[in-house]
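Asker: One file: work-v3.txt (compact mmCIF, N, CA and C atoms).
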```
# COMPACT_ATOMS: atom_id res chain seq x y z
N MET A 11 -139.22 158.49 259.17
CA MET A 11 -140.22 157.68 258.51
C MET A 11 -139.75 156.22 258.47
N ARG A 12 -140.61 155.38 258.95
CA ARG A 12 -140.29 153.96 259.08
C ARG A 12 -141.01 153.18 257.98
N ARG A 13 -140.24 152.27 257.31
CA ARG A 13 -140.84 151.44 256.26
C ARG A 13 -141.14 150.06 256.80
N THR A 14 -142.23 149.47 256.36
CA THR A 14 -142.57 148.12 256.77
C THR A 14 -142.23 147.16 255.63
N GLY A 15 -141.98 145.91 255.97
CA GLY A 15 -141.66 144.91 254.95
C GLY A 15 -140.26 144.36 255.17
N PHE A 16 -139.82 143.52 254.21
CA PHE A 16 -138.54 142.86 254.31
C PHE A 16 -137.52 143.55 253.42
N THR A 17 -136.26 143.48 253.81
CA THR A 17 -135.20 144.03 252.97
C THR A 17 -134.82 143.00 251.93
N LEU A 18 -134.09 143.43 250.95
CA LEU A 18 -133.65 142.55 249.87
C LEU A 18 -132.76 141.43 250.41
N ILE A 19 -131.90 141.71 251.34
CA ILE A 19 -131.02 140.71 251.94
C ILE A 19 -131.85 139.64 252.65
N GLU A 20 -132.85 140.03 253.40
CA GLU A 20 -133.70 139.06 254.12
C GLU A 20 -134.42 138.14 253.14
N ILE A 21 -134.88 138.67 252.03
CA ILE A 21 -135.57 137.87 251.01
C ILE A 21 -134.60 136.89 250.35
N LEU A 22 -133.39 137.34 250.05
CA LEU A 22 -132.39 136.46 249.45
C LEU A 22 -132.00 135.32 250.39
N ILE A 23 -131.80 135.62 251.64
CA ILE A 23 -131.45 134.59 252.61
C ILE A 23 -132.59 133.59 252.77
N ALA A 24 -133.82 134.05 252.83
CA ALA A 24 -134.98 133.16 252.95
C ALA A 24 -135.10 132.27 251.70
N THR A 25 -134.84 132.85 250.53
CA THR A 25 -134.91 132.07 249.28
C THR A 25 -133.82 131.00 249.26
N MET A 26 -132.62 131.33 249.72
CA MET A 26 -131.53 130.35 249.75
C MET A 26 -131.84 129.22 250.72
N ILE A 27 -132.40 129.54 251.87
CA ILE A 27 -132.77 128.50 252.84
C ILE A 27 -133.84 127.58 252.25
N LEU A 28 -134.82 128.17 251.59
CA LEU A 28 -135.87 127.38 250.95
C LEU A 28 -135.30 126.49 249.85
N ALA A 29 -134.39 127.03 249.03
CA ALA A 29 -133.78 126.25 247.95
C ALA A 29 -132.95 125.10 248.51
N LEU A 30 -132.22 125.33 249.58
CA LEU A 30 -131.42 124.29 250.21
C LEU A 30 -132.33 123.17 250.76
N GLY A 31 -133.42 123.55 251.37
CA GLY A 31 -134.37 122.56 251.87
C GLY A 31 -134.99 121.74 250.75
N LEU A 32 -135.37 122.38 249.66
CA LEU A 32 -135.97 121.66 248.52
C LEU A 32 -134.95 120.73 247.87
N MET A 33 -133.69 121.18 247.78
CA MET A 33 -132.64 120.33 247.22
C MET A 33 -132.43 119.08 248.07
N SER A 34 -132.40 119.25 249.38
CA SER A 34 -132.24 118.11 250.28
C SER A 34 -133.42 117.15 250.13
N LEU A 35 -134.61 117.67 250.00
CA LEU A 35 -135.79 116.84 249.82
C LEU A 35 -135.72 116.05 248.52
N MET A 36 -135.26 116.66 247.44
CA MET A 36 -135.15 115.98 246.15
C MET A 36 -134.11 114.86 246.20
N VAL A 37 -132.98 115.10 246.88
CA VAL A 37 -131.96 114.06 247.01
C VAL A 37 -132.53 112.90 247.82
N GLY A 38 -133.24 113.19 248.88
CA GLY A 38 -133.86 112.15 249.70
C GLY A 38 -134.86 111.32 248.92
N LEU A 39 -135.69 111.97 248.11
CA LEU A 39 -136.66 111.26 247.28
C LEU A 39 -135.98 110.38 246.24
N SER A 40 -134.90 110.88 245.67
CA SER A 40 -134.16 110.11 244.68
C SER A 40 -133.57 108.85 245.32
N ASN A 41 -132.97 108.99 246.50
CA ASN A 41 -132.40 107.84 247.20
C ASN A 41 -133.49 106.84 247.59
N CYS A 42 -134.63 107.35 247.98
CA CYS A 42 -135.76 106.48 248.36
C CYS A 42 -136.23 105.68 247.15
N ALA A 43 -136.36 106.31 246.00
CA ALA A 43 -136.80 105.62 244.79
C ALA A 43 -135.79 104.55 244.37
N GLN A 44 -134.51 104.87 244.50
CA GLN A 44 -133.47 103.90 244.16
C GLN A 44 -133.53 102.69 245.10
N MET A 45 -133.73 102.92 246.38
CA MET A 45 -133.83 101.82 247.35
C MET A 45 -135.06 100.96 247.09
N MET A 46 -136.15 101.58 246.69
CA MET A 46 -137.36 100.82 246.39
C MET A 46 -137.15 99.90 245.19
N CYS A 47 -136.45 100.39 244.16
CA CYS A 47 -136.16 99.55 243.00
C CYS A 47 -135.25 98.38 243.39
N LEU A 48 -134.22 98.66 244.18
CA LEU A 48 -133.31 97.61 244.61
C LEU A 48 -134.03 96.59 245.50
N SER A 49 -134.93 97.07 246.34
CA SER A 49 -135.70 96.19 247.20
C SER A 49 -136.59 95.26 246.37
N LYS A 50 -137.18 95.78 245.30
CA LYS A 50 -138.00 94.94 244.42
C LYS A 50 -137.15 93.87 243.76
N GLU A 51 -135.93 94.22 243.35
CA GLU A 51 -135.05 93.24 242.73
C GLU A 51 -134.71 92.11 243.72
N TYR A 52 -134.43 92.46 244.97
CA TYR A 52 -134.12 91.44 245.96
C TYR A 52 -135.35 90.58 246.28
N GLN A 53 -136.52 91.18 246.26
CA GLN A 53 -137.75 90.41 246.46
C GLN A 53 -137.96 89.44 245.31
N ASP A 54 -137.72 89.90 244.08
CA ASP A 54 -137.81 89.02 242.93
C ASP A 54 -136.78 87.90 243.01
N ALA A 55 -135.59 88.20 243.51
CA ALA A 55 -134.54 87.19 243.67
C ALA A 55 -134.99 86.12 244.67
N GLN A 56 -135.68 86.53 245.73
CA GLN A 56 -136.20 85.55 246.69
C GLN A 56 -137.23 84.64 246.03
N TYR A 57 -138.06 85.20 245.17
CA TYR A 57 -139.06 84.39 244.45
C TYR A 57 -138.36 83.38 243.55
N VAL A 58 -137.33 83.82 242.82
CA VAL A 58 -136.58 82.92 241.94
C VAL A 58 -135.91 81.82 242.76
N PHE A 59 -135.37 82.20 243.91
CA PHE A 59 -134.74 81.22 244.80
C PHE A 59 -135.77 80.17 245.24
N CYS A 60 -136.96 80.59 245.60
CA CYS A 60 -138.02 79.65 246.01
C CYS A 60 -138.42 78.73 244.85
N LEU A 61 -138.52 79.30 243.64
CA LEU A 61 -138.84 78.47 242.47
C LEU A 61 -137.77 77.40 242.27
N GLY A 62 -136.51 77.81 242.36
CA GLY A 62 -135.40 76.88 242.17
C GLY A 62 -135.38 75.80 243.23
N GLU A 63 -135.67 76.17 244.47
CA GLU A 63 -135.69 75.17 245.55
C GLU A 63 -136.84 74.19 245.38
N ARG A 64 -137.97 74.66 244.83
CA ARG A 64 -139.09 73.75 244.56
C ARG A 64 -138.75 72.77 243.44
N LEU A 65 -138.09 73.29 242.40
CA LEU A 65 -137.78 72.46 241.25
C LEU A 65 -136.60 71.54 241.51
N TYR A 66 -135.61 72.03 242.22
CA TYR A 66 -134.39 71.26 242.49
C TYR A 66 -134.15 71.17 244.00
N PRO A 67 -134.93 70.39 244.71
CA PRO A 67 -134.72 70.30 246.16
C PRO A 67 -133.40 69.60 246.49
N VAL A 68 -132.81 69.96 247.61
CA VAL A 68 -131.59 69.31 248.06
C VAL A 68 -131.99 67.94 248.62
N PRO A 69 -131.39 66.87 248.09
CA PRO A 69 -131.78 65.54 248.57
C PRO A 69 -131.28 65.30 249.99
N PRO A 70 -131.90 64.38 250.70
CA PRO A 70 -131.42 64.03 252.04
C PRO A 70 -130.01 63.43 251.95
N SER A 71 -129.24 63.56 253.01
CA SER A 71 -127.85 63.10 252.98
C SER A 71 -127.74 61.60 252.72
N SER A 72 -128.76 60.85 253.07
CA SER A 72 -128.72 59.40 252.83
C SER A 72 -128.76 59.07 251.33
N ASP A 73 -129.25 60.00 250.51
CA ASP A 73 -129.33 59.77 249.06
C ASP A 73 -128.12 60.30 248.31
N ILE A 74 -127.19 60.94 248.98
CA ILE A 74 -126.02 61.52 248.32
C ILE A 74 -124.87 60.52 248.37
N THR A 75 -124.42 60.10 247.17
CA THR A 75 -123.31 59.16 247.12
C THR A 75 -122.00 59.87 246.79
N ASP A 76 -122.01 60.75 245.79
CA ASP A 76 -120.83 61.54 245.44
C ASP A 76 -121.29 62.98 245.25
N ALA A 77 -121.09 63.80 246.26
CA ALA A 77 -121.63 65.17 246.26
C ALA A 77 -121.09 66.01 245.12
N GLU A 78 -119.81 65.84 244.77
CA GLU A 78 -119.24 66.68 243.71
C GLU A 78 -119.77 66.33 242.33
N GLU A 79 -120.29 65.13 242.17
CA GLU A 79 -120.81 64.70 240.87
C GLU A 79 -122.34 64.58 240.84
N ASP A 80 -123.00 64.76 241.94
CA ASP A 80 -124.45 64.58 242.04
C ASP A 80 -125.16 65.64 241.20
N GLU A 81 -126.00 65.18 240.27
CA GLU A 81 -126.70 66.13 239.39
C GLU A 81 -127.83 66.87 240.10
N ASN A 82 -128.28 66.40 241.24
CA ASN A 82 -129.29 67.12 242.02
C ASN A 82 -128.68 68.27 242.81
N LEU A 83 -127.37 68.21 243.03
CA LEU A 83 -126.69 69.27 243.78
C LEU A 83 -126.02 70.28 242.86
N ASN A 84 -125.57 69.86 241.71
CA ASN A 84 -124.90 70.75 240.76
C ASN A 84 -125.87 71.11 239.64
N ILE A 85 -126.40 72.32 239.71
CA ILE A 85 -127.39 72.79 238.73
C ILE A 85 -126.77 73.92 237.92
N ASP A 86 -126.74 73.75 236.60
CA ASP A 86 -126.26 74.83 235.73
C ASP A 86 -127.26 75.98 235.76
N PRO A 87 -126.83 77.21 235.40
CA PRO A 87 -127.75 78.35 235.44
C PRO A 87 -129.04 78.10 234.64
N VAL A 88 -130.17 78.36 235.29
CA VAL A 88 -131.50 78.14 234.71
C VAL A 88 -132.29 79.44 234.82
N THR A 89 -133.00 79.81 233.77
CA THR A 89 -133.81 81.03 233.81
C THR A 89 -135.17 80.75 234.44
N VAL A 90 -135.87 81.81 234.79
CA VAL A 90 -137.19 81.68 235.41
C VAL A 90 -138.17 81.03 234.43
N GLU A 91 -138.08 81.42 233.17
CA GLU A 91 -139.00 80.86 232.17
C GLU A 91 -138.82 79.35 232.05
N GLU A 92 -137.57 78.87 232.07
CA GLU A 92 -137.31 77.43 232.00
C GLU A 92 -137.85 76.72 233.24
N MET A 93 -137.69 77.35 234.40
CA MET A 93 -138.20 76.72 235.63
C MET A 93 -139.72 76.63 235.62
N LEU A 94 -140.39 77.68 235.15
CA LEU A 94 -141.85 77.65 235.11
C LEU A 94 -142.36 76.59 234.15
N VAL A 95 -141.64 76.37 233.04
CA VAL A 95 -142.03 75.32 232.10
C VAL A 95 -141.88 73.96 232.76
N ASP A 96 -140.76 73.74 233.46
CA ASP A 96 -140.53 72.46 234.13
C ASP A 96 -141.53 72.22 235.26
N LEU A 97 -141.95 73.29 235.95
CA LEU A 97 -142.93 73.16 237.02
C LEU A 97 -144.37 73.14 236.51
N GLU A 98 -144.53 73.34 235.20
CA GLU A 98 -145.83 73.40 234.54
C GLU A 98 -146.72 74.47 235.16
N GLU A 99 -146.12 75.63 235.43
CA GLU A 99 -146.86 76.77 235.95
C GLU A 99 -146.87 77.88 234.91
N GLU A 100 -147.87 78.73 235.02
CA GLU A 100 -147.97 79.86 234.10
C GLU A 100 -147.88 81.15 234.89
N MET A 101 -147.43 82.18 234.20
CA MET A 101 -147.31 83.50 234.81
C MET A 101 -147.67 84.52 233.73
N PRO A 102 -148.37 85.58 234.10
CA PRO A 102 -148.69 86.60 233.10
C PRO A 102 -147.42 87.14 232.43
N ARG A 103 -147.52 87.41 231.13
CA ARG A 103 -146.36 87.83 230.33
C ARG A 103 -145.68 89.06 230.94
N LYS A 104 -146.47 90.02 231.39
CA LYS A 104 -145.89 91.25 231.95
C LYS A 104 -145.08 90.94 233.21
N ARG A 105 -145.59 90.06 234.06
CA ARG A 105 -144.88 89.67 235.29
C ARG A 105 -143.62 88.89 234.95
N LEU A 106 -143.70 88.03 233.92
CA LEU A 106 -142.56 87.23 233.50
C LEU A 106 -141.43 88.10 232.96
N GLU A 107 -141.80 89.19 232.29
CA GLU A 107 -140.79 90.10 231.75
C GLU A 107 -139.96 90.76 232.84
N SER A 108 -140.54 90.91 234.04
CA SER A 108 -139.78 91.52 235.13
C SER A 108 -138.69 90.59 235.64
N PHE A 109 -138.73 89.31 235.27
CA PHE A 109 -137.71 88.34 235.70
C PHE A 109 -136.65 88.09 234.64
N ASN A 110 -136.65 88.88 233.56
CA ASN A 110 -135.61 88.73 232.54
C ASN A 110 -134.24 88.97 233.17
N GLY A 111 -133.32 88.08 232.89
CA GLY A 111 -131.97 88.22 233.42
C GLY A 111 -131.72 87.53 234.75
N PHE A 112 -132.77 87.00 235.39
CA PHE A 112 -132.60 86.27 236.64
C PHE A 112 -132.24 84.82 236.33
N THR A 113 -131.24 84.29 237.02
CA THR A 113 -130.87 82.89 236.86
C THR A 113 -130.68 82.24 238.23
N PHE A 114 -130.93 80.95 238.27
CA PHE A 114 -130.75 80.13 239.47
C PHE A 114 -129.68 79.11 239.17
N GLU A 115 -128.72 78.94 240.08
CA GLU A 115 -127.70 77.91 239.90
C GLU A 115 -127.24 77.39 241.26
N ARG A 116 -126.71 76.18 241.25
CA ARG A 116 -126.24 75.57 242.48
C ARG A 116 -124.99 74.75 242.15
N CYS A 117 -124.02 74.78 243.05
CA CYS A 117 -122.81 73.98 242.84
C CYS A 117 -122.22 73.55 244.17
N VAL A 118 -121.47 72.48 244.13
CA VAL A 118 -120.74 71.98 245.29
C VAL A 118 -119.29 72.38 245.10
N ASP A 119 -118.70 73.04 246.11
CA ASP A 119 -117.30 73.42 246.04
C ASP A 119 -116.42 72.18 246.06
N GLU A 120 -115.36 72.23 245.25
CA GLU A 120 -114.41 71.12 245.27
C GLU A 120 -113.65 71.13 246.59
N ARG A 121 -113.38 69.94 247.09
CA ARG A 121 -112.66 69.83 248.36
C ARG A 121 -111.18 69.69 248.10
N ALA A 122 -110.41 70.25 249.02
CA ALA A 122 -108.97 70.08 248.94
C ALA A 122 -108.61 68.67 249.39
N ASP A 123 -107.49 68.17 248.91
CA ASP A 123 -107.05 66.84 249.32
C ASP A 123 -106.72 66.83 250.81
N LEU A 124 -107.08 65.76 251.46
CA LEU A 124 -106.84 65.64 252.90
C LEU A 124 -105.40 65.24 253.16
N ASP A 125 -104.87 65.76 254.26
CA ASP A 125 -103.55 65.32 254.71
C ASP A 125 -103.68 63.90 255.25
N THR A 126 -102.55 63.24 255.45
CA THR A 126 -102.58 61.85 255.91
C THR A 126 -103.16 61.70 257.30
N ASN A 127 -103.04 62.71 258.15
CA ASN A 127 -103.53 62.60 259.53
C ASN A 127 -104.96 63.10 259.70
N GLU A 128 -105.56 63.67 258.68
CA GLU A 128 -106.90 64.23 258.80
C GLU A 128 -107.97 63.16 258.56
N VAL A 129 -109.06 63.29 259.30
CA VAL A 129 -110.19 62.38 259.14
C VAL A 129 -111.20 63.04 258.20
N ASP A 130 -111.71 62.26 257.29
CA ASP A 130 -112.68 62.80 256.33
C ASP A 130 -114.04 62.97 257.02
N ASP A 131 -114.51 64.22 257.13
CA ASP A 131 -115.81 64.48 257.76
C ASP A 131 -116.97 64.39 256.76
N LYS A 132 -116.65 64.26 255.48
CA LYS A 132 -117.64 64.12 254.40
C LYS A 132 -118.61 65.30 254.33
N LEU A 133 -118.14 66.47 254.75
CA LEU A 133 -118.94 67.69 254.62
C LEU A 133 -118.54 68.40 253.34
N TYR A 134 -119.53 68.85 252.61
CA TYR A 134 -119.31 69.60 251.37
C TYR A 134 -120.02 70.94 251.47
N ILE A 135 -119.44 71.94 250.84
CA ILE A 135 -120.05 73.27 250.81
C ILE A 135 -120.93 73.36 249.57
N LEU A 136 -122.20 73.66 249.78
CA LEU A 136 -123.18 73.78 248.71
C LEU A 136 -123.54 75.25 248.55
N ARG A 137 -123.30 75.81 247.38
CA ARG A 137 -123.60 77.22 247.10
C ARG A 137 -124.79 77.30 246.14
N THR A 138 -125.82 78.02 246.58
CA THR A 138 -126.99 78.27 245.74
C THR A 138 -127.02 79.76 245.46
N ARG A 139 -127.08 80.12 244.18
CA ARG A 139 -126.98 81.52 243.80
C ARG A 139 -128.08 81.92 242.84
N VAL A 140 -128.66 83.08 243.11
CA VAL A 140 -129.58 83.71 242.16
C VAL A 140 -128.89 84.98 241.69
N ALA A 141 -128.71 85.11 240.38
CA ALA A 141 -128.01 86.26 239.82
C ALA A 141 -128.95 87.02 238.89
N TRP A 142 -128.74 88.33 238.80
CA TRP A 142 -129.52 89.15 237.88
C TRP A 142 -128.69 90.35 237.47
N GLY A 143 -129.12 91.00 236.41
CA GLY A 143 -128.33 92.11 235.87
C GLY A 143 -127.18 91.55 235.06
N SER A 144 -126.36 92.44 234.53
CA SER A 144 -125.21 91.97 233.75
C SER A 144 -124.09 92.99 233.84
N GLY A 145 -122.91 92.54 233.51
CA GLY A 145 -121.75 93.43 233.48
C GLY A 145 -121.42 93.99 234.85
N LYS A 146 -121.09 95.27 234.86
CA LYS A 146 -120.69 95.93 236.09
C LYS A 146 -121.83 96.06 237.09
N GLU A 147 -123.05 96.09 236.60
CA GLU A 147 -124.21 96.27 237.48
C GLU A 147 -124.87 94.95 237.84
N GLY A 148 -124.17 93.83 237.68
CA GLY A 148 -124.74 92.54 238.02
C GLY A 148 -124.79 92.34 239.53
N TYR A 149 -125.87 91.76 239.99
CA TYR A 149 -126.06 91.49 241.41
C TYR A 149 -126.28 89.99 241.60
N TYR A 150 -126.07 89.52 242.80
CA TYR A 150 -126.41 88.14 243.11
C TYR A 150 -126.71 88.01 244.59
N GLU A 151 -127.48 86.99 244.90
CA GLU A 151 -127.79 86.62 246.28
C GLU A 151 -127.38 85.16 246.40
N GLU A 152 -126.60 84.84 247.41
CA GLU A 152 -126.05 83.49 247.53
C GLU A 152 -126.33 82.91 248.91
N LEU A 153 -126.72 81.65 248.92
CA LEU A 153 -126.93 80.92 250.16
C LEU A 153 -125.88 79.82 250.22
N VAL A 154 -125.13 79.78 251.30
CA VAL A 154 -124.09 78.76 251.48
C VAL A 154 -124.50 77.86 252.62
N ARG A 155 -124.45 76.56 252.37
CA ARG A 155 -124.80 75.59 253.42
C ARG A 155 -123.93 74.35 253.25
N TYR A 156 -123.91 73.56 254.28
CA TYR A 156 -123.13 72.33 254.27
C TYR A 156 -124.04 71.14 254.04
N VAL A 157 -123.54 70.17 253.25
CA VAL A 157 -124.24 68.90 253.08
C VAL A 157 -123.28 67.79 253.44
N ARG A 158 -123.80 66.74 254.01
CA ARG A 158 -122.98 65.60 254.41
C ARG A 158 -123.27 64.44 253.46
N GLN A 159 -122.19 63.82 253.03
CA GLN A 159 -122.32 62.67 252.15
C GLN A 159 -122.17 61.40 252.98
N ASN A 160 -123.06 60.45 252.73
CA ASN A 160 -122.96 59.16 253.45
C ASN A 160 -122.05 58.21 252.75
```
Let me see the file written as structure tokens.
Answerer:
Amino acid sequence: MRRTGFTLIEILIATMILALGLMSLMVGLSNCAQMMCLSKEYQDAQYVFCLGERLYPVPPSSDITDAEEDENLNIDPVTVEEMLVDLEEEMPRKRLESFNGFTFERCVDERADLDTNEVDDKLYILRTRVAWGSGKEGYYEELVRYVRQN
């Protein structure tokens, strides 16, 4: 007499394969959600960077007399809310809350003293940084460029 159907072992193996597949799918979805959140933060950082560049543009090199002391090049950390007030722009409160903790800052790196045989090229390193988060989970995006002083 022959029985039709699956044995208990076959059902257990099929259940384990299904559980393994579902677990892999859940891990993938979790990683995807985490990447989407991080991507939104970097997109918001780009927006803050654009706001800062509009409010504090880098002056042409002909207008730079002392790069390390120039107040247009050295910007202390500024929040998005302060920038919007200075630009006289408005943003919905809910959208503004998503920018809490974002700051824009810019500084010129100090130059090392030149040796006697070196020629001064008058190039300075300008660092523009947008930072967000705090403590161990703090992130930042930084743009480094050179400016020449006349």
Asker: Extract, using all atoms listed in the file, all DNA, RNA and protein residues at most 8 Å from Arg116 of chain A, discarding same-chain residues fewer than 5 positions from it, and format them as number ranges by chain.
Answerer: A: 82-88, 136-140
Asker: Quick one: which segment 76-127 of chain A residues come within 7 Å of segment 46-65 of chain A, and what is the nearest atom pair for each with the distance in Å to one decimal, counting all atoms listed in the file, rows ordered by chain and ascending number, as JSON lines?
Answerer:
```
{"residue": "A:Val90", "atom": "CA", "partner": "A:Val58", "partner_atom": "CA", "distance": 6.7}
{"residue": "A:Met93", "atom": "CA", "partner": "A:Leu61", "partner_atom": "C", "distance": 6.7}
{"residue": "A:Leu97", "atom": "CA", "partner": "A:Leu65", "partner_atom": "CA", "distance": 6.7}
{"residue": "A:Thr113", "atom": "C", "partner": "A:Val58", "partner_atom": "C", "distance": 6.9}
{"residue": "A:Phe114", "atom": "CA", "partner": "A:Gly62", "partner_atom": "CA", "distance": 6.3}
```
Asker: Would you mind writing down, as a PyMOL selection string, each residue of chain A that DSSP on the backbone assigns to strand (DSSP E)?
Answerer: chain A and resi 85-89+113-118+133-142+149-158
Asker: By how many Å are atom N of Val95 of chain A and atom C of Ala141 of chain A apart?
Answerer: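 Value for the atom N of Val95 of chain A-atom C of Ala141 of chain A distance: 17.6 Å.
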Asker: Do you know which residues are at most 8 Å from Leu133 of chain A counting all atoms listed in the file, after dropping those on the same chain fewer than 4 positions away, and could you put them as number ranges by chain?
Answerer: A: 121, 156-159
Asker: Grab the residues selected above and save them as a PDB file, in the frame of the given file with N, CA and C atoms.
Answerer:
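selection28.pdb written:
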```pdb
ATOM      1  N   ARG A 121    -113.380  69.940 247.090  1.00  0.00           N
ATOM      2  CA  ARG A 121    -112.660  69.830 248.360  1.00  0.00           C
ATOM      3  C   ARG A 121    -111.180  69.690 248.100  1.00  0.00           C
ATOM      4  N   TYR A 156    -123.910  73.560 254.280  1.00  0.00           N
ATOM      5  CA  TYR A 156    -123.130  72.330 254.270  1.00  0.00           C
ATOM      6  C   TYR A 156    -124.040  71.140 254.040  1.00  0.00           C
ATOM      7  N   VAL A 157    -123.540  70.170 253.250  1.00  0.00           N
ATOM      8  CA  VAL A 157    -124.240  68.900 253.080  1.00  0.00           C
ATOM      9  C   VAL A 157    -123.280  67.790 253.440  1.00  0.00           C
ATOM     10  N   ARG A 158    -123.800  66.740 254.010  1.00  0.00           N
ATOM     11  CA  ARG A 158    -122.980  65.600 254.410  1.00  0.00           C
ATOM     12  C   ARG A 158    -123.270  64.440 253.460  1.00  0.00           C
ATOM     13  N   GLN A 159    -122.190  63.820 253.030  1.00  0.00           N
ATOM     14  CA  GLN A 159    -122.320  62.670 252.150  1.00  0.00           C
ATOM     15  C   GLN A 159    -122.170  61.400 252.980  1.00  0.00           C
TER      16      GLN A 159
END
```
Asker: Expressed in Å to a single decimal, how great is the separation between atom CA of Leu94 of chain A and atom CA of Phe109 of chain A?
Answerer: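 Computing it gives 11.5 Å between the two atoms.
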Asker: Can you work out the spacing between atom CA of Pro70 of chain A and atom N of Glu91 of chain A in Å, to one decimal?
Answerer: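 Those two atoms sit 26.5 Å apart.
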Asker: Given only N, CA and C atoms as the basis, pick out the residue of A:Gly38, A:Glu92, A:Trp142, A:Glu99 nearest to Gly111 of chain A.
Answerer: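 The answer is A:Trp142, which sits nearest to Gly111 of chain A.
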